[in-house]
Structure formats: structure tokens, C-alpha cells
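**Student:** Data: upload-v2.txt, compact mmCIF, C-alpha atoms.
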# COMPACT_ATOMS: atom_id res chain seq x y z
CA MET U 160 72.91 105.95 16.15
CA SER U 161 72.26 109.64 16.37
CA LYS U 162 74.67 111.94 18.09
CA PRO U 163 72.78 113.15 21.12
CA ASP U 164 75.20 115.94 22.13
CA GLU U 165 75.34 117.41 18.68
CA GLU U 166 71.57 117.16 18.45
CA LEU U 167 71.14 118.94 21.79
CA TYR U 168 73.59 121.60 20.69
CA ARG U 169 71.56 122.23 17.55
CA ARG U 170 68.42 122.62 19.63
CA LEU U 171 70.24 124.97 21.93
CA LEU U 172 71.00 127.22 18.98
CA HIS U 173 67.25 127.68 18.70
CA LYS U 174 67.12 128.77 22.35
CA ASP U 175 65.69 125.50 23.57
CA LYS U 176 66.06 125.77 27.34
CA ASP U 177 65.38 122.11 27.80
CA ALA U 178 68.35 121.27 25.56
CA LEU U 179 70.64 123.46 27.67
CA GLU U 180 69.39 121.78 30.80
CA GLN U 181 70.04 118.33 29.37
CA LEU U 182 73.57 119.26 28.40
CA TYR U 183 74.01 120.79 31.83
CA ASP U 184 72.85 117.64 33.60
CA LYS U 185 75.10 115.51 31.50
CA TYR U 186 78.26 117.56 31.93
CA GLU U 187 77.83 119.36 35.23
CA LYS U 188 80.06 117.06 37.25
CA LEU U 189 82.74 116.70 34.63
CA VAL U 190 82.91 120.44 33.98
CA PHE U 191 82.93 121.19 37.69
CA SER U 192 85.52 118.57 38.55
CA PHE U 193 87.82 119.62 35.73
CA SER U 194 87.44 123.28 36.73
CA TYR U 195 88.28 122.30 40.25
CA LYS U 196 91.33 120.40 39.11
CA MET U 197 92.55 123.60 37.51
CA THR U 198 91.48 126.22 40.04
CA ASN U 199 91.51 124.29 43.33
CA ASN U 200 88.64 126.39 44.52
CA HIS U 201 84.92 125.65 44.78
CA GLY U 202 83.70 129.19 44.21
CA LEU U 203 85.88 129.71 41.17
CA SER U 204 84.86 126.36 39.75
CA GLU U 205 81.22 127.34 39.99
CA GLU U 206 82.07 130.56 38.18
CA VAL U 207 83.71 128.52 35.44
CA VAL U 208 80.61 126.34 35.12
CA GLN U 209 78.45 129.43 34.93
CA ASP U 210 80.71 131.03 32.37
CA VAL U 211 80.89 127.94 30.16
CA PHE U 212 77.15 127.33 30.02
CA MET U 213 76.51 131.03 29.54
CA LYS U 214 78.87 130.94 26.57
CA LEU U 215 76.99 127.97 25.17
CA TRP U 216 73.67 129.70 25.60
CA THR U 217 74.68 133.06 24.19
CA GLN U 218 76.71 131.37 21.47
CA LYS U 219 79.86 133.23 22.28
CA GLY U 220 81.54 129.92 21.78
CA THR U 221 80.32 128.10 18.73
CA TYR U 222 80.73 124.43 18.11
CA ASP U 223 80.49 122.64 14.83
CA GLU U 224 81.16 119.06 14.02
CA SER U 225 84.39 119.87 12.19
CA LYS U 226 85.81 120.60 15.64
CA GLY U 227 85.54 116.95 16.62
CA LYS U 228 83.55 115.47 19.47
CA PHE U 229 81.31 117.86 21.35
CA SER U 230 82.68 116.76 24.71
CA SER U 231 86.30 117.43 23.66
CA TRP U 232 85.37 120.85 22.40
CA LEU U 233 83.46 121.58 25.61
CA LEU U 234 86.45 120.63 27.74
CA THR U 235 88.66 123.01 25.76
CA VAL U 236 86.16 125.77 26.44
CA VAL U 237 86.22 124.84 30.13
CA ARG U 238 90.00 124.96 30.29
CA ASN U 239 90.13 128.36 28.60
CA ALA U 240 87.41 129.73 30.88
CA ALA U 241 89.28 128.46 33.93
CA ILE U 242 92.51 130.05 32.69
CA ASP U 243 90.75 133.38 32.13
CA LEU U 244 89.19 133.37 35.57
CA MET U 245 92.42 132.39 37.31
CA ARG U 246 94.18 135.29 35.59
CA LYS U 247 91.47 137.73 36.59
CA LYS U 248 91.64 136.63 40.20
CA LYS U 249 95.40 136.80 40.32
CA ASP U 250 95.33 140.18 42.01
CA THR U 251 92.86 139.09 44.65
CA PRO U 252 94.30 135.83 45.86
CA TYR U 253 91.76 133.14 46.41
CA GLU U 254 92.05 130.30 48.78
CA LEU U 255 93.34 126.98 47.57
CA GLU U 256 91.29 124.43 49.36
CA GLU U 257 92.42 121.24 50.96
CA ARG U 258 91.40 118.32 48.82
CA ASP U 259 90.88 116.04 51.80
CA ALA U 260 88.06 118.11 53.17
CA LEU U 261 86.08 117.72 50.00
CA GLN U 262 85.94 114.01 49.53
CA THR U 263 82.50 113.48 51.00
CA ASN U 264 79.61 112.53 48.79
CA GLU U 265 81.66 112.79 45.67
CA PRO U 266 80.14 111.41 42.52
CA SER U 267 81.62 108.20 41.27
CA ILE U 268 83.84 108.11 38.26
CA GLU U 269 81.28 106.00 36.46
CA GLU U 270 78.69 108.67 36.92
CA MET U 271 80.97 111.39 35.69
CA TYR U 272 82.64 109.99 32.64
CA GLU U 273 80.89 108.84 29.57
CA SER U 274 84.04 107.26 28.21
CA LYS U 275 84.94 105.36 31.30
CA GLU U 276 87.62 103.34 29.59
CA GLU U 277 89.49 106.39 28.47
CA ALA U 278 89.24 107.76 31.98
CA THR U 279 90.55 104.57 33.55
CA ALA U 280 93.37 104.28 31.03
CA VAL U 281 94.59 107.82 31.51
CA ARG U 282 94.51 107.48 35.29
CA GLN U 283 96.42 104.25 35.32
CA SER U 284 98.92 105.59 32.80
CA MET U 285 99.56 108.74 34.77
CA LYS U 286 100.56 106.63 37.77
CA VAL U 287 103.18 104.84 35.70
CA LEU U 288 104.89 108.10 34.79
CA LYS U 289 107.80 109.26 36.89
CA GLU U 290 107.11 112.08 39.31
CA ASP U 291 108.97 114.67 37.22
CA GLN U 292 106.91 113.87 34.12
CA GLN U 293 103.70 114.04 36.14
CA LYS U 294 104.85 117.42 37.36
CA VAL U 295 105.49 118.65 33.82
CA ILE U 296 101.96 117.69 32.83
CA ARG U 297 100.48 119.30 35.91
CA LEU U 298 102.36 122.56 35.51
CA PHE U 299 101.72 122.77 31.80
CA TYR U 300 98.15 121.54 31.48
CA PHE U 301 96.30 121.94 34.77
CA ASP U 302 98.16 124.91 36.21
CA ALA U 303 98.50 126.45 32.73
CA LYS U 304 101.78 128.07 33.75
CA SER U 305 103.76 130.22 31.35
CA HIS U 306 106.77 128.93 29.46
CA SER U 307 109.17 130.73 31.80
CA GLU U 308 107.33 129.67 34.98
CA ILE U 309 107.52 126.06 33.88
CA ALA U 310 111.26 126.39 33.20
CA GLU U 311 111.76 127.95 36.60
CA GLN U 312 109.77 125.38 38.52
CA LEU U 313 111.43 122.48 36.75
CA ASP U 314 114.77 124.22 37.00
CA VAL U 315 115.60 123.62 33.34
CA PRO U 316 116.63 126.00 30.52
CA LEU U 317 113.80 127.72 28.61
CA GLY U 318 114.77 125.98 25.40
CA THR U 319 114.13 122.52 26.79
CA VAL U 320 110.62 123.15 28.13
CA LYS U 321 108.73 122.29 24.96
CA GLY U 322 110.68 119.07 24.57
CA ARG U 323 109.99 118.06 28.16
CA ILE U 324 106.28 118.68 27.79
CA ARG U 325 106.14 116.76 24.57
CA MET U 326 108.07 113.84 26.00
CA ALA U 327 105.86 113.56 29.06
CA LEU U 328 102.67 113.71 26.98
CA LYS U 329 104.01 111.19 24.46
CA HIS U 330 104.96 108.83 27.26
CA LEU U 331 101.48 109.13 28.72
CA GLN U 332 99.96 108.44 25.35
CA THR U 333 102.07 105.34 24.80
CA GLU U 334 101.01 103.97 28.16
CA MET U 335 97.38 104.73 27.37
CA THR U 336 97.51 103.07 24.00
CA GLU U 337 98.86 99.92 25.60
CA ARG U 338 96.06 99.90 28.12
CA GLU U 339 93.28 100.67 25.69
CA GLY U 340 94.72 98.36 23.06
CA GLY U 341 95.18 95.54 25.56
CA ARG U 342 91.57 95.75 26.63
CA GLY U 343 89.41 93.01 25.19
CA THR U 344 92.30 90.74 24.27
CA THR U 345 92.87 89.69 27.86
CA MET J 15 112.06 136.60 14.05
CA SER J 16 109.96 133.63 13.28
CA ASP J 17 112.06 131.43 15.57
CA LYS J 18 111.24 133.78 18.37
CA GLN J 19 107.53 133.45 17.60
CA CYS J 20 107.82 129.67 17.71
CA ASP J 21 108.84 130.03 21.36
CA ASN J 22 105.45 131.54 22.14
CA LEU J 23 103.56 128.32 21.46
CA ILE J 24 103.30 127.28 25.12
CA ASP J 25 102.24 130.74 26.22
CA TYR J 26 99.68 130.82 23.44
CA PHE J 27 98.25 127.46 24.45
CA ASN J 28 98.08 128.55 28.07
CA GLY J 29 96.63 132.00 27.45
CA HIS J 30 99.63 134.03 28.59
CA LEU J 31 99.88 136.30 25.56
CA SER J 32 98.39 139.77 25.48
CA GLY J 33 95.76 140.51 22.84
CA GLU J 34 98.36 141.97 20.51
CA GLU J 35 100.90 139.20 21.05
CA GLU J 36 98.19 136.66 20.48
CA ALA J 37 97.23 138.23 17.17
CA GLN J 38 100.88 138.29 16.12
CA PHE J 39 101.27 134.66 17.05
CA GLU J 40 98.17 133.72 15.09
CA ASP J 41 99.64 135.47 12.06
CA HIS J 42 102.78 133.50 12.58
CA LEU J 43 100.79 130.31 12.98
CA ALA J 44 99.21 130.83 9.60
CA LYS J 45 102.66 130.84 8.07
CA CYS J 46 104.55 128.33 10.21
CA GLU J 47 103.68 124.76 9.48
CA SER J 48 105.76 123.30 12.26
CA CYS J 49 103.98 125.45 14.87
CA ARG J 50 100.62 124.37 13.49
CA GLU J 51 101.68 120.76 13.74
CA GLU J 52 103.00 121.20 17.25
CA LEU J 53 99.80 122.90 18.34
CA ALA J 54 97.65 120.20 16.82
CA GLU J 55 99.79 117.59 18.53
CA LEU J 56 99.48 119.33 21.89
CA ARG J 57 95.71 119.44 21.52
CA GLU J 58 95.60 115.80 20.60
CA LEU J 59 97.94 114.65 23.34
CA THR J 60 96.08 116.61 26.01
CA GLY J 61 92.62 115.48 24.90
CA SER J 62 92.30 112.83 27.60
CA LEU J 63 93.84 114.82 30.44
CA PRO J 64 90.58 116.29 31.78
CA TYR J 65 89.68 112.71 32.71
CA LEU J 66 92.40 112.85 35.34
CA SER J 67 90.18 115.18 37.35
CA GLU J 68 89.04 113.63 40.58
CA PRO J 69 85.25 113.73 40.90
CA ILE J 70 84.22 116.67 43.06
CA GLU J 71 80.73 117.34 44.32
CA PRO J 72 79.61 120.91 43.59
CA ASP J 73 77.98 122.97 46.33
CA SER J 74 74.33 122.10 46.53
CA GLY J 75 71.95 124.08 44.38
CA MET J 76 74.56 124.94 41.76
CA LYS J 77 72.36 123.87 38.88
CA ASN J 78 69.58 126.14 39.98
CA ARG J 79 71.91 129.06 40.52
CA VAL J 80 73.67 128.64 37.19
CA LEU J 81 70.66 128.03 34.98
CA SER J 82 68.43 130.62 36.55
CA SER J 83 71.11 133.27 36.31
CA ILE J 84 71.67 132.42 32.65
CA PHE J 85 67.99 132.67 31.83
CA GLU J 86 67.46 135.78 33.98
CA GLU J 87 70.42 137.51 32.45
CA GLU J 88 69.02 136.72 29.07
CA GLU J 89 65.64 138.25 29.87
CA LYS J 90 67.19 141.27 31.46
CA GLU J 91 69.46 141.89 28.54
CA GLU J 92 67.09 141.02 25.77
CA ASN J 93 66.10 144.58 25.11
CA TYR J 94 69.58 146.01 25.19
CA GLU J 95 71.73 143.19 23.99
CA ASN J 96 70.90 143.69 20.36
CA VAL J 97 72.36 147.14 20.44
CA THR J 98 75.51 146.70 22.44
CA SER J 99 76.73 143.24 21.71
CA ILE J 100 75.96 143.51 18.07
CA GLU J 101 78.15 146.52 17.71
CA GLU J 102 80.93 144.62 19.38
CA LYS J 103 80.46 141.70 17.09
CA GLN J 104 80.47 143.93 14.12
CA ARG J 105 83.82 145.32 15.12
CA GLU J 106 85.19 141.85 15.66
CA THR J 107 84.12 140.50 12.35
CA THR J 108 84.56 143.40 10.00
CA PRO J 109 88.15 142.58 9.06
CA SER J 110 87.67 138.92 8.34
CA ARG J 111 84.27 138.98 6.64
CA SER J 112 84.36 135.24 6.89
CA ARG J 113 81.47 134.63 9.20
CA LYS J 114 78.21 135.32 7.49
CA ARG J 115 75.74 133.83 9.84
CA ASN J 116 74.73 136.81 11.87
CA TRP J 117 75.16 139.32 9.12
CA ALA J 118 71.60 140.48 9.05
CA VAL J 119 71.19 141.56 12.60
CA TRP J 120 74.56 143.24 12.68
CA GLY J 121 73.77 145.35 9.70
CA LEU J 122 70.34 146.06 10.98
CA ALA J 123 71.41 146.93 14.44
CA ALA J 124 73.70 149.66 13.30
CA ALA J 125 70.90 151.15 11.29
CA LEU J 126 68.21 150.66 13.85
CA ALA J 127 70.22 151.22 16.99
CA ALA J 128 68.64 154.56 17.63
CA SER J 129 65.08 153.38 17.34
CA LEU J 130 65.66 150.03 18.99
CA VAL J 131 65.86 151.14 22.58
CA GLY J 132 62.75 153.23 22.21
CA ASN J 133 60.87 150.37 20.69
CA ALA J 134 62.07 147.84 23.17
CA ALA J 135 59.21 148.37 25.53
CA PHE J 136 56.74 147.59 22.79
CA LEU J 137 58.40 144.49 21.52
CA THR J 138 56.08 141.59 21.61
CA GLN J 139 56.87 138.02 20.87
CA TRP J 140 55.77 136.12 17.89
CA SER J 141 55.57 132.50 18.57
CA GLY J 142 54.63 129.97 15.97
CA THR J 143 51.07 129.82 17.16
CA SER J 144 48.39 132.42 17.27
CA THR J 145 48.17 132.82 21.00
CA THR J 146 49.55 136.34 20.99
CA GLN J 147 47.01 138.81 22.25
CA PRO J 148 46.25 141.73 19.97
CA GLU J 149 48.12 144.67 21.42
CA GLU J 150 47.94 147.20 18.70
CA GLU J 151 44.99 148.80 17.05
CA VAL J 152 42.89 146.04 15.62
CA VAL J 153 42.07 146.68 12.01
CA ILE J 154 40.31 143.47 11.22
CA ASP J 155 39.18 140.91 13.71
CA SER J 156 41.97 138.45 13.21
CA LEU J 157 44.91 140.79 12.74
CA GLU J 158 47.26 140.08 15.58
CA GLN J 159 50.29 142.16 14.85
CA ASN J 160 51.30 144.61 12.22
CA LEU J 161 54.78 145.80 11.34
CA ALA J 162 55.87 148.60 9.05
CA LEU J 163 58.86 147.57 6.96
CA GLN J 164 61.54 150.00 5.92
CA ASN J 165 64.92 149.90 4.34
CA PRO J 166 67.41 150.34 7.18
CA GLU J 167 69.63 152.36 4.85
CA GLY J 168 66.75 154.58 3.75
CA GLY J 169 65.06 154.59 0.37
CA GLU J 170 61.73 154.42 -1.37
CA ALA J 171 60.88 150.82 -0.71
CA LYS J 172 58.33 150.11 1.98
CA GLY J 173 56.15 147.30 3.10
CA GLN J 174 54.04 145.78 5.75
CA ALA J 175 54.08 142.48 7.59
CA SER J 176 51.05 141.20 9.42
CA MET J 177 50.33 138.21 11.54
CA VAL J 178 46.84 137.07 10.78
CA GLY J 179 45.06 134.49 12.86
CA ASN J 180 42.75 132.15 11.05
CA ASP J 181 40.94 129.44 13.00
CA GLY J 182 43.90 129.07 15.27
CA GLU J 183 46.35 128.93 12.36
CA ALA J 184 48.63 131.92 12.12
CA GLN J 185 49.68 133.28 8.75
CA LEU J 186 52.42 135.74 8.09
CA VAL J 187 51.37 138.14 5.36
CA VAL J 188 54.03 140.33 3.81
CA GLN J 189 53.40 143.03 1.23
CA ALA J 190 56.00 145.32 -0.26
CA GLU J 191 56.19 148.00 -2.91
CA GLN J 192 58.68 150.13 -4.77
CA LEU J 193 61.23 147.35 -4.72
CA ALA J 194 64.05 147.25 -7.24
CA PRO J 195 63.31 145.12 -10.31
CA LEU J 196 64.50 141.52 -10.31
CA SER J 197 66.41 139.89 -13.11
CA GLY J 198 66.96 136.28 -14.12
CA ASN J 199 66.32 133.87 -11.31
CA GLU J 200 66.38 136.47 -8.54
CA ALA J 201 63.69 136.54 -5.89
CA TYR J 202 62.85 138.40 -2.74
CA GLN J 203 63.11 136.29 0.39
CA VAL J 204 61.44 136.92 3.74
CA TRP J 205 63.39 135.86 6.83
CA LEU J 206 62.49 135.68 10.48
CA LEU J 207 65.47 136.06 12.74
CA GLU J 208 66.04 134.99 16.26
CA GLU J 209 69.29 136.21 17.77
CA GLY J 210 70.78 136.58 14.35
CA SER J 211 69.79 133.14 13.05
CA PRO J 212 67.58 133.45 10.00
CA VAL J 213 64.88 131.04 8.86
CA ARG J 214 63.00 131.26 5.58
CA ALA J 215 59.50 132.64 5.85
CA GLY J 216 58.25 133.15 2.31
CA THR J 217 59.60 133.95 -1.14
CA PHE J 218 58.11 136.27 -3.73
CA VAL J 219 58.79 138.09 -6.96
CA THR J 220 57.61 141.57 -7.86
CA ASN J 221 55.32 142.78 -10.61
CA GLU J 222 56.22 145.52 -13.09
CA GLU J 223 55.49 148.23 -10.53
CA GLY J 224 57.90 146.66 -8.08
CA SER J 225 55.16 145.37 -5.75
CA GLY J 226 54.94 141.91 -4.33
CA ALA J 227 53.29 139.91 -1.59
CA VAL J 228 53.51 136.53 0.06
CA THR J 229 51.72 134.62 2.80
CA TYR J 230 53.47 132.06 4.91
CA PRO J 231 51.86 129.61 7.34
CA MET J 232 53.55 130.04 10.72
CA ASP J 233 52.91 126.43 11.65
CA LYS J 234 55.64 125.51 9.17
CA LEU J 235 58.12 127.13 11.52
CA GLN J 236 59.28 125.85 14.84
CA ASP J 237 58.32 128.09 17.72
CA GLY J 238 60.77 130.89 18.09
CA ASN J 239 61.14 134.23 19.76
CA TRP J 240 61.56 136.10 16.52
CA ASP J 241 63.15 139.46 17.03
CA THR J 242 63.54 140.68 13.47
CA LEU J 243 61.86 140.32 10.12
CA ALA J 244 63.96 141.07 7.07
CA ILE J 245 63.58 140.84 3.32
CA THR J 246 66.59 140.32 1.09
CA LYS J 247 67.08 140.13 -2.63
CA GLU J 248 68.45 136.69 -3.37
CA PRO J 249 70.17 135.29 -6.46
CA GLY J 250 67.60 132.49 -6.54
CA PRO J 251 64.38 131.46 -4.82
CA ASP J 252 65.92 128.77 -2.63
CA SER J 253 68.72 130.40 -0.58
CA GLU J 254 69.04 128.59 2.71
CA THR J 255 70.88 131.53 4.22
CA PRO J 256 70.71 135.15 3.17
CA GLN J 257 73.15 136.06 0.40
CA GLY J 258 71.93 139.49 -0.62
CA GLU J 259 71.49 142.89 0.94
CA ILE J 260 68.58 143.67 3.22
CA VAL J 261 65.98 145.68 1.33
CA LEU J 262 63.33 145.89 4.04
CA ALA J 263 63.31 145.10 7.71
CA ALA J 264 61.58 145.66 11.01
CA GLU J 265 62.14 144.79 14.61
CA ILE J 266 59.43 142.58 15.99
As C-alpha cells, how would this structure be written, given the file I've shared?

**Tutor:**
Amino acid sequence: MSKPDEELYRRLLHKDKDALEQLYDKYEKLVFSFSYKMTNNHGLSEEVVQDVFMKLWTQKGTYDESKGKFSSWLLTVVRNAAIDLMRKKKDTPYELEERDALQTNEPSIEEMYESKEEATAVRQSMKVLKEDQQKVIRLFYFDAKSHSEIAEQLDVPLGTVKGRIRMALKHLQTEMTEREGGRGTT
Amino acid sequence: MSDKQCDNLIDYFNGHLSGEEEAQFEDHLAKCESCREELAELRELTGSLPYLSEPIEPDSGMKNRVLSSIFEEEEKEENYENVTSIEEKQRETTPSRSRKRNWAVWGLAAALAASLVGNAAFLTQWSGTSTTQPEEEVVIDSLEQNLALQNPEGGEAKGQASMVGNDGEAQLVVQAEQLAPLSGNEAYQVWLLEEGSPVRAGTFVTNEEGSGAVTYPMDKLQDGNWDTLAITKEPGPDSETPQGEIVLAAEI
């Protein structure tokens, strides 16, 4: 089977607008939802989407297959773009929106995630984690806090932050492996 | 010292380091195996986390806003981008010299920066087909576009590139003279560039006087908005990407 994303990316390098549109259609909701998870703001999330696809189009971010799956690479670009924008807006505080108000018409998980099983496994696994480990992951990954901010919010010494992050992520991974591994044998 | 750098891993991952700190950490990373391993592990362990994002519906019309602004921006900047962004890129890449891909346009841009802006208004597009309307003085019936080739660094060499329509088939005709002699397997290679990406568009060798010519059927190429034509001296006739210096070039 060919690799459609990689193929589209190659076409995009030749300024094929249709290829950009196809990638956009495929990843719009995931990129937007992930941006929202990080920024908690609709306007900023749209800016992230704009920034990410602009980077793709102008080749300021370049992907090659040595960097792994296209989708994983894209999500790294999204996270970095969201971090940049959040930093820029730090001086002009933006509104954090209430999640509850936004639940209407949301796309289904099936529609959003290509690898549905991975998505289901990570969601279920996250719920198994204790609240403090969930918090570590949120502060570190989604809020992209600094080392010292994380220490402060967890109320732990600076030197233990890395270990805490690692432990929480490892725990999550173990839970995920069990879920993904168990699939098919039941 | 290096222990202290190891403590910057989280801030590096989360973009909290200043430009200078980041560069220092990357130097450290090159030397510190345990930091490299930790970073790789963090990337691996966080790979699935984006899938925790709850699905959120964007505001309506986002696709249209995003794509049209990308394409509009592109059109707006087309004439200027080559000058400004290329200079930036050149600065970025000079120290490492590792990325070769866009070499040609960077080198060219510096040399042609002055003339580029002036020419911008006259730039026309070459597509792979012969639908371009003749815009310059028509010398023969089917001549569609004519470019004078020069060495961006100056020098004796000169040449001409023409797009010649022939029953709906477009041919690129390149002639050059006063080129440096070739030795061994060397050959001159014509490239068409779009945004710094070169594709091969004809190979030739010179005669004793240093003159050479080549025709290339444009239908062999995918359609492209070629912005630059360049000729390089290559170590062999089958370089897939330019290896040698630019000897002649022109903005399209």
C-alpha cells in the first residue's frame, strides 16, 4: 500500500494546491482540537491551524520519512506552533473559554482520528492514572509549562520534576500497551 | 557545567529557552548521550498524547479563511519573497552548510537581489505547456519567451534561453558561449527552479570554443511555476541535484 500522506506531502513540495487541501481536510479537526487542548481558545487555535498549514506550504517546516510517520511529525509542529503563539500572547491575556459551551456539533472521535485504537487506548489509560500523574502530564505536555513552573504547581523540588514526568508517562505507556496488546485476544 | 545543561531538557522540550540558551543546549545535546536518550524517550512517550484532545468543532468557514489566506499571501509575496526570505535563509544556513537543497536560489538571490525587484513586474510564468501568450518582442512566430543568461558573479560567459512553441509542444532551447572548458566526464546541466527546488532540464557539453546548446521538451516536466533557470557545471551528466557552481542564470 502506498503512503498517502507522504505522497501528498511530496506533491505539496511542488506547490500542488490540491495536495495541501487534501492534507488540510484530513487533519483539520485533529490539528484544531489538539491546538484547542493546548490553548483553550478558539481564535488562537485557528491561528495555530493557519500557522501550521502555512509552514507546510512555504516549507518552513520540512518533513522527510526519516522523521517517522507524517502525522506524528505534523502533531509536533502543531505543538510547537501552539507554544510559540501562547508565548506571544502572554502579554495580552486571552480568554480561556469554558469547555461546556463548546460541545455542540463536535465531530466524533471516529471522524477525527485515523488510528482510532491508539486514541481509545490512550484515553482509557489516562483515566486509570491517579489525579497527580494526570496533572503532571497536563502541566508538562499540554500546558508546556517551564521546569520551575511545574515544580511550583506540583509543590515538589526542582530536581524531582523530570523523574515525575517520566514516571507518569511510563505509567501511561504501560497501561496503553496492555490495552493495545489485549485487543484481538479477547 | 554539563549537569546544569542537563536540567534544561524540560525547558528545551517546552520552548522556554531563549535563542542563545537553545543553541547552547543543542551544543550540549550533541555531546551528552543521556540527554539525547531522554529527549528521544520524551518524544516517544508523548507521541500518543495529542489523541487525548477532545474533538472540537472549529468556527465555520475556517477552511476557507485558512487556505485562501495562505494562497493570497503567497501571491502577494511572490515578487518580494525571493529577495527577503532568501537572505534570511542564507544567514541561517551559512554556518552549517549541511542543507544543499535550496543552494541555487540563495546564491542567485544575493547576486540578483538588486535587479529582482525591478524585474518582478515583468515576470511571467512558464508552465509546462505552450499556453503562455507572447509578451516580448516576437522574433519568430513561435518564440514565446526569451531570457538572457548571465553569470550572477559576473564574467564572460553568456547565453540565451528560449521557449519555443511547436504545434502545441513547448521546447526549451538553451544556447551558451564562452563557457569554461570541461574535463573528463563533466557536463553542463540546465535546471529549472521553483521556489529553490531544481529539476533537470537538459544537459550539454561545449565545443572547443566553449559554446554549447541543448533543447529540452517541456512536456517531460510536470507543470511548474518556474522562477529561475540556472546552468551549472556538473561532475557528470546525470546529477539529480546540482553539485557545481552556477555558471549562468536568469530569473524567469

**Student:** For a quick test of understanding: name the residues of chain J lying within 6 Å of chain U when counting only C-alpha atoms, and present them as a PDB file with C-alpha atoms, keeping the file's coordinate frame.

**Tutor:**
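Below is the file result10.pdb, written as the result:
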ATOM      1  CA  ILE J  24     103.300 127.280  25.120  1.00  0.00           C
ATOM      2  CA  ASP J  25     102.240 130.740  26.220  1.00  0.00           C
ATOM      3  CA  ASN J  28      98.080 128.550  28.070  1.00  0.00           C
ATOM      4  CA  PRO J  64      90.580 116.290  31.780  1.00  0.00           C
ATOM      5  CA  TYR J  65      89.680 112.710  32.710  1.00  0.00           C
ATOM      6  CA  LEU J  66      92.400 112.850  35.340  1.00  0.00           C
ATOM      7  CA  SER J  67      90.180 115.180  37.350  1.00  0.00           C
ATOM      8  CA  PRO J  69      85.250 113.730  40.900  1.00  0.00           C
ATOM      9  CA  ILE J  70      84.220 116.670  43.060  1.00  0.00           C
ATOM     10  CA  GLU J  71      80.730 117.340  44.320  1.00  0.00           C
ATOM     11  CA  VAL J  80      73.670 128.640  37.190  1.00  0.00           C
ATOM     12  CA  ILE J  84      71.670 132.420  32.650  1.00  0.00           C
TER      13      ILE J  84
END

**Student:** If I take atom CA of Val211 of chain U and atom CA of Phe85 of chain J, how far is one from the other in Å, to one decimal?

**Tutor:** 13.8 Å

**Student:** Atom CA of Leu171 of chain U and atom CA of Asn78 of chain J are how many Å apart?

**Tutor:**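 Answer for the atom CA of Leu171 of chain U to atom CA of Asn78 of chain J separation: 18.1 Å.
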
**Student:** Check the smallest atom-to-atom distance from each of U:Thr336, U:Leu203, U:Phe229, U:Thr221 to Lys247 of chain U using only C-alpha atoms, then report the winner.

**Tutor:** U:Leu203

**Student:** For atom CA of Ala37 of chain J and atom CA of Cys20 of chain J, determine how far apart the two atoms are, in Å to one decimal place.

**Tutor:**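 Between atom CA of Ala37 of chain J and atom CA of Cys20 of chain J the gap is 13.6 Å.
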
**Student:** Between U:Glu337, U:Asp291, U:Asp164, U:Asp177, which is the closest to Arg323 of chain U once you count only C-alpha atoms?

**Tutor:**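 Closest residue, counting only C-alpha atoms: U:Asp291.
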
**Student:** Restricting the calculation to only C-alpha atoms, which member of U:Asp314, U:Glu334, U:Glu339, U:Glu165 is positioned closest to Leu233 of chain U?

**Tutor:**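 Among the listed residues, U:Glu165 lies closest to Leu233 of chain U.
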